[in-house]
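Inspection log for the structure reproduced underneath, given as structure tokens.
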Amino acid sequence: KKLRILKYLPIHRLLYERTDEYLIIQELNNNKNIQSLYSNINDYDGYDALQLAIKLNYSNTVIFKLLEYFLPIDSNGKPVLITKHKFAWTTLIQLDKYYRVVELVLENHSTITDYLLNAIDEKGRPAFNITSLFNLKVFRSFIYFMGRYEIMDVSIPHHKSFTSLVYLATDKDTGLKVAIKLISSYEHYIREKSIRRRYNLDSRSIVEIIDSFDIHNIRFTKEIVRRGWEKFKYCIVMPAADRIL
């Protein structure tokens with residue numbers, strides 16, 4: 001009887017048979033079988049495909065691929081029926097071991113990141129309030145610039161020129177107000193940093209630099225790509241002041 005049921009649930013069958021993960025991914029790409037993912041084998045432990053993969057300790061690659069079919073919103077921003085998403089996203093974010101899967105989902109679905117970060121679980125709790133400690137750090141890395149700076153209004157720069165953008169933000173580590181200056185010119189970036197060293201200027205004569213990033217920083221590179229700031233390959237962070245140098 002079990003074999004007869006599994007005949008109609010190809011993904012479940014491959015998972016139970018411990019098939020090579022490449023073949024599982026290949027089968028998932030076969031759209032005609034996607035509907036079977038949501039089926040529960042009621043007399044075979046009652047797991048849908050994602051629950052089964054988690055139970056059998058499949059790799060992050062398989063879990064990620066499956067989870068994409070159980071997200072509470074589609075790529076067009078339309079909510080998905082509970083009978084399909086089954087609160088899989090808000091369940092998985094409570095498990096530290098899947099922090100890399102959570103990261104991959106947010107990286108690959110940047111247009112719906114805000115929704116995912118605030119998705120509601122079956123008890124009406126927002127994702128941000130129930131996520132595990134590790135996944136909270138992942139959430140912060142997508143909410144805050146470089147995982148630390150909360151930009152006040154990301155849609156409108158405080159200052160804009162051909163070579164730079166300035167955003168006002170709050171440093172979540174210190175609570176201080178800061179200015180994030182994104183710079184497109186390497187020469188400009190070096191000049192901003194070197195002038196302070198060359199003349200030994202302190203914070204009484206010129207705004208100091210709290211932090212700086214460039215394209216050699218992998219995290220920063222991902223950040224500017226995700227936010228659509230690819231033109232600005234350099235960045236300095238300074239205390240917020242009336243005059244941003």
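Following the order of the structure tokens, first chain is A, next is B, and so on, with residues numbered from 1 inside each chain and ligands from 1 in the order they appear.
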Return as JSON lines the residues of stretch 30-91 of chain A lying at most 12 Å from stretch 129-142 of chain A, together with the closest atom-to-atom pair for each and the distance in Å to one decimal, counting only C-alpha atoms, with rows in chain order and ascending residue number.
```
{"residue": "A:Trp89", "atom": "CA", "partner": "A:Thr131", "partner_atom": "CA", "distance": 10.1}
{"residue": "A:Thr90", "atom": "CA", "partner": "A:Thr131", "partner_atom": "CA", "distance": 7.6}
{"residue": "A:Thr91", "atom": "CA", "partner": "A:Thr131", "partner_atom": "CA", "distance": 8.6}
```
Neighbour list for A:Leu71 as a ChimeraX atom specification, cut-off 6 Å, only C-alpha atoms, skip fewer than 2 positions in-chain: /A:68-69,73,85,89
DSSP on the backbone, helix (DSSP H, G or I) only: what residues of stretch 68-220 of chain A does that give? Format it as number ranges by chain. A: 68-70, 82-85, 88-92, 96-108, 110-117, 127-130, 133-143, 186-198, 218-220
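With distances restricted to only C-alpha atoms, A:Trp229 is the closest residue to A:Thr163 from A:Arg148, A:Ser194, A:Asp114, A:Trp229.
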Would you mind writing down, as a PyMOL selection string, each residue of chain A that DSSP on the backbone assigns to strand (DSSP E or B)? chain A and resi 73+79+120+126+145+149-151+159-160+164-171+177-183+211-214+234-239
Since we have the selection now, will you write its residues out, keeping N, CA, C and O atoms, as a compact mmCIF listing (two decimals), in the first residue's frame?
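Writing the result to selection_8.txt gives the following:
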```
# COMPACT_ATOMS: atom_id res chain seq x y z
N ILE A 73 4.37 33.74 0.23
CA ILE A 73 4.10 34.74 -0.80
C ILE A 73 4.86 34.34 -2.05
O ILE A 73 5.95 33.77 -1.97
N PRO A 79 -0.06 36.75 -1.83
CA PRO A 79 -0.11 35.76 -0.74
C PRO A 79 -0.49 34.38 -1.25
O PRO A 79 -1.27 34.24 -2.20
N ILE A 120 3.42 36.16 9.20
CA ILE A 120 2.73 35.76 10.43
C ILE A 120 2.66 34.24 10.55
O ILE A 120 2.40 33.55 9.57
N PRO A 126 4.57 37.76 14.30
CA PRO A 126 5.42 38.08 13.15
C PRO A 126 6.75 37.33 13.21
O PRO A 126 7.27 37.04 14.29
N PHE A 145 21.73 47.94 7.32
CA PHE A 145 22.88 48.04 6.44
C PHE A 145 24.10 47.46 7.13
O PHE A 145 24.43 47.85 8.25
N TYR A 149 23.46 49.11 10.77
CA TYR A 149 22.95 50.48 10.64
C TYR A 149 21.52 50.48 10.09
O TYR A 149 21.27 50.01 8.99
N GLU A 150 20.60 51.03 10.88
CA GLU A 150 19.20 51.12 10.47
C GLU A 150 18.98 52.44 9.73
O GLU A 150 18.96 53.51 10.35
N ILE A 151 18.84 52.36 8.42
CA ILE A 151 18.66 53.56 7.60
C ILE A 151 17.27 54.13 7.83
O ILE A 151 16.27 53.41 7.79
N HIS A 159 21.41 63.17 1.01
CA HIS A 159 22.17 63.97 0.04
C HIS A 159 22.50 63.08 -1.15
O HIS A 159 22.76 61.89 -1.00
N LYS A 160 22.47 63.66 -2.35
CA LYS A 160 22.76 62.89 -3.54
C LYS A 160 23.56 63.73 -4.53
O LYS A 160 23.26 64.89 -4.77
N SER A 164 28.16 60.33 -5.17
CA SER A 164 27.91 59.84 -3.82
C SER A 164 26.44 59.90 -3.42
O SER A 164 25.65 60.67 -3.99
N LEU A 165 26.11 59.06 -2.44
CA LEU A 165 24.80 59.08 -1.79
C LEU A 165 25.04 59.12 -0.29
O LEU A 165 25.97 58.48 0.21
N VAL A 166 24.23 59.88 0.43
CA VAL A 166 24.35 59.92 1.89
C VAL A 166 22.99 59.56 2.49
O VAL A 166 21.97 60.16 2.13
N TYR A 167 23.00 58.58 3.40
CA TYR A 167 21.80 58.19 4.12
C TYR A 167 22.03 58.39 5.62
O TYR A 167 23.11 58.07 6.13
N LEU A 168 21.03 58.90 6.30
CA LEU A 168 21.10 58.99 7.75
C LEU A 168 20.59 57.68 8.35
O LEU A 168 19.66 57.06 7.83
N ALA A 169 21.22 57.27 9.43
CA ALA A 169 20.88 55.97 10.03
C ALA A 169 21.15 55.99 11.52
O ALA A 169 21.74 56.93 12.06
N THR A 170 20.71 54.92 12.18
CA THR A 170 20.99 54.71 13.60
C THR A 170 21.90 53.51 13.74
O THR A 170 21.63 52.45 13.16
N ASP A 171 22.97 53.66 14.47
CA ASP A 171 23.88 52.56 14.76
C ASP A 171 23.22 51.70 15.83
O ASP A 171 23.09 52.12 16.99
N LYS A 177 23.32 58.38 16.07
CA LYS A 177 22.93 58.73 14.71
C LYS A 177 24.18 58.82 13.85
O LYS A 177 25.17 59.43 14.26
N VAL A 178 24.13 58.24 12.66
CA VAL A 178 25.29 58.24 11.78
C VAL A 178 24.87 58.61 10.36
O VAL A 178 23.69 58.62 10.02
N ALA A 179 25.88 58.94 9.56
CA ALA A 179 25.68 59.19 8.14
C ALA A 179 26.46 58.15 7.35
O ALA A 179 27.65 57.95 7.58
N ILE A 180 25.77 57.47 6.46
CA ILE A 180 26.40 56.47 5.59
C ILE A 180 26.63 57.13 4.23
O ILE A 180 25.68 57.54 3.57
N LYS A 181 27.89 57.26 3.86
CA LYS A 181 28.23 57.90 2.59
C LYS A 181 28.73 56.85 1.60
O LYS A 181 29.78 56.25 1.80
N LEU A 182 27.95 56.63 0.56
CA LEU A 182 28.31 55.70 -0.50
C LEU A 182 29.02 56.47 -1.61
O LEU A 182 28.53 57.52 -2.05
N ILE A 183 30.15 55.95 -2.06
CA ILE A 183 31.02 56.67 -2.99
C ILE A 183 31.31 55.82 -4.22
O ILE A 183 31.62 54.63 -4.09
N ASP A 211 33.48 53.77 10.40
CA ASP A 211 33.58 52.51 9.68
C ASP A 211 33.79 52.79 8.21
O ASP A 211 33.46 53.88 7.72
N SER A 212 34.35 51.83 7.49
CA SER A 212 34.52 51.98 6.04
C SER A 212 34.49 50.61 5.39
O SER A 212 34.88 49.61 6.00
N PHE A 213 34.03 50.56 4.15
CA PHE A 213 33.90 49.31 3.41
C PHE A 213 34.25 49.56 1.94
O PHE A 213 34.07 50.67 1.42
N ASP A 214 34.73 48.52 1.27
CA ASP A 214 34.96 48.61 -0.16
C ASP A 214 34.63 47.26 -0.81
O ASP A 214 34.21 46.33 -0.12
N TYR A 234 32.25 51.96 -2.72
CA TYR A 234 33.00 52.33 -1.52
C TYR A 234 32.06 53.02 -0.54
O TYR A 234 31.05 53.60 -0.93
N CYS A 235 32.42 52.95 0.72
CA CYS A 235 31.51 53.50 1.74
C CYS A 235 32.29 53.92 2.99
O CYS A 235 33.23 53.23 3.41
N ILE A 236 31.89 55.04 3.56
CA ILE A 236 32.38 55.44 4.88
C ILE A 236 31.18 55.75 5.76
O ILE A 236 30.13 56.18 5.26
N VAL A 237 31.32 55.50 7.04
CA VAL A 237 30.27 55.79 8.01
C VAL A 237 30.81 56.79 9.01
O VAL A 237 31.90 56.60 9.56
N MET A 238 30.06 57.87 9.22
CA MET A 238 30.50 58.95 10.11
C MET A 238 29.39 59.32 11.07
O MET A 238 28.22 59.04 10.80
N PRO A 239 29.73 59.96 12.20
CA PRO A 239 28.67 60.49 13.07
C PRO A 239 27.85 61.50 12.27
O PRO A 239 28.39 62.25 11.46
```
For the contact check between stretch 63-89 of chain A and stretch 17-27 of chain A, emit one row per residue of stretch 63-89 of chain A within 12 Å, containing the shortest atom pair and the distance in Å rounded to one decimal, counting only C-alpha atoms, chain then rising number order, as CSV.
```
residue,atom,partner,partner_atom,distance
A:Ile63,CA,A:Ile25,CA,10.2
A:Phe64,CA,A:Ile25,CA,10.3
A:Lys65,CA,A:Ile25,CA,7.3
A:Leu66,CA,A:Ile25,CA,8.8
```
Those same residues, written as a CSV table (one decimal), in the first residue's frame with all heavy atoms?
```csv
chain,number,residue,atom,x,y,z
A,63,ILE,N,16.7,21.3,1.2
A,63,ILE,CA,15.7,22.0,2.1
A,63,ILE,C,15.4,23.4,1.5
A,63,ILE,O,14.2,23.8,1.4
A,63,ILE,CB,16.2,22.2,3.5
A,63,ILE,CG1,16.6,20.9,4.2
A,63,ILE,CG2,15.2,23.0,4.3
A,63,ILE,CD1,15.4,20.0,4.3
A,64,PHE,N,16.4,24.1,1.0
A,64,PHE,CA,16.2,25.4,0.4
A,64,PHE,C,15.3,25.3,-0.9
A,64,PHE,O,14.3,26.0,-1.1
A,64,PHE,CB,17.5,26.0,0.0
A,64,PHE,CG,17.4,27.2,-1.0
A,64,PHE,CD1,16.8,28.3,-0.7
A,64,PHE,CD2,17.9,27.0,-2.3
A,64,PHE,CE1,16.7,29.4,-1.6
A,64,PHE,CE2,17.9,28.1,-3.2
A,64,PHE,CZ,17.2,29.3,-2.9
A,65,LYS,N,15.6,24.3,-1.7
A,65,LYS,CA,14.8,24.1,-3.0
A,65,LYS,C,13.4,23.8,-2.7
A,65,LYS,O,12.5,24.3,-3.3
A,65,LYS,CB,15.5,23.0,-3.8
A,65,LYS,CG,14.9,22.8,-5.2
A,65,LYS,CD,15.1,24.0,-6.0
A,65,LYS,CE,14.6,23.8,-7.4
A,65,LYS,NZ,14.8,25.0,-8.3
A,66,LEU,N,13.2,23.0,-1.7
A,66,LEU,CA,11.8,22.6,-1.3
A,66,LEU,C,11.1,23.8,-0.6
A,66,LEU,O,9.9,24.1,-1.0
A,66,LEU,CB,11.8,21.4,-0.3
A,66,LEU,CG,12.0,20.1,-0.9
A,66,LEU,CD1,12.4,19.0,0.1
A,66,LEU,CD2,10.8,19.6,-1.7
```
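For the atom pair formed by atom CA of A:Thr111 and atom CA of A:Ser75, the distance is 7.4 Å, given to one decimal.
Near A:Leu37, within 7 Å and counting only C-alpha atoms, sit Ile11, Ile34, Asp48 and Ala49 of chain A, not including residues fewer than 3 positions from it in the same chain.
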Produce a file of the selected residues containing all heavy atoms, as a PDB file, in the first residue's frame.
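Below you can see again.pdb, which holds the result:
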```pdb
ATOM      1  N   ILE A  11       8.384  12.955  -5.393  1.00  0.00           N
ATOM      2  CA  ILE A  11       9.398  13.613  -4.556  1.00  0.00           C
ATOM      3  C   ILE A  11       9.523  12.880  -3.227  1.00  0.00           C
ATOM      4  O   ILE A  11      10.631  12.612  -2.746  1.00  0.00           O
ATOM      5  CB  ILE A  11       9.043  15.094  -4.315  1.00  0.00           C
ATOM      6  CG1 ILE A  11       8.832  15.824  -5.648  1.00  0.00           C
ATOM      7  CG2 ILE A  11      10.147  15.767  -3.501  1.00  0.00           C
ATOM      8  CD1 ILE A  11      10.037  15.827  -6.555  1.00  0.00           C
ATOM      9  N   ILE A  34       5.029  19.197  -9.057  1.00  0.00           N
ATOM     10  CA  ILE A  34       5.090  20.115  -7.934  1.00  0.00           C
ATOM     11  C   ILE A  34       3.888  19.979  -7.003  1.00  0.00           C
ATOM     12  O   ILE A  34       4.023  20.044  -5.782  1.00  0.00           O
ATOM     13  CB  ILE A  34       5.218  21.573  -8.438  1.00  0.00           C
ATOM     14  CG1 ILE A  34       6.576  21.773  -9.114  1.00  0.00           C
ATOM     15  CG2 ILE A  34       5.037  22.566  -7.291  1.00  0.00           C
ATOM     16  CD1 ILE A  34       7.773  21.389  -8.249  1.00  0.00           C
ATOM     17  N   ASP A  48       4.449  16.208   4.540  1.00  0.00           N
ATOM     18  CA  ASP A  48       4.572  16.721   3.186  1.00  0.00           C
ATOM     19  C   ASP A  48       6.060  16.621   2.821  1.00  0.00           C
ATOM     20  O   ASP A  48       6.888  16.213   3.649  1.00  0.00           O
ATOM     21  CB  ASP A  48       4.033  18.150   3.064  1.00  0.00           C
ATOM     22  CG  ASP A  48       4.757  19.160   3.946  1.00  0.00           C
ATOM     23  OD1 ASP A  48       5.999  19.136   3.973  1.00  0.00           O
ATOM     24  OD2 ASP A  48       4.079  19.989   4.590  1.00  0.00           O
ATOM     25  N   ALA A  49       6.417  16.988   1.591  1.00  0.00           N
ATOM     26  CA  ALA A  49       7.781  16.761   1.118  1.00  0.00           C
ATOM     27  C   ALA A  49       8.823  17.526   1.933  1.00  0.00           C
ATOM     28  O   ALA A  49       9.899  16.995   2.248  1.00  0.00           O
ATOM     29  CB  ALA A  49       7.882  17.139  -0.358  1.00  0.00           C
TER      30      ALA A  49
END
```
Skipping near chain neighbours, those fewer than 5 positions away, what residues fall within 10 Å of A:Ile215 using only C-alpha atoms, listed as a ChimeraX atom specification? /A:220-222,224,230,232-235
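With atom CA of A:Arg125 on one side and atom CA of A:Leu95 on the other, the separation reads 16.0 Å.
With distances restricted to only C-alpha atoms, A:Asn60 is the closest residue to A:Glu103 from A:Thr83, A:Asn30, A:Asn60, A:Asn76.
What separates atom CA of A:Val62 from atom CA of A:Thr113 is a distance of 20.8 Å.
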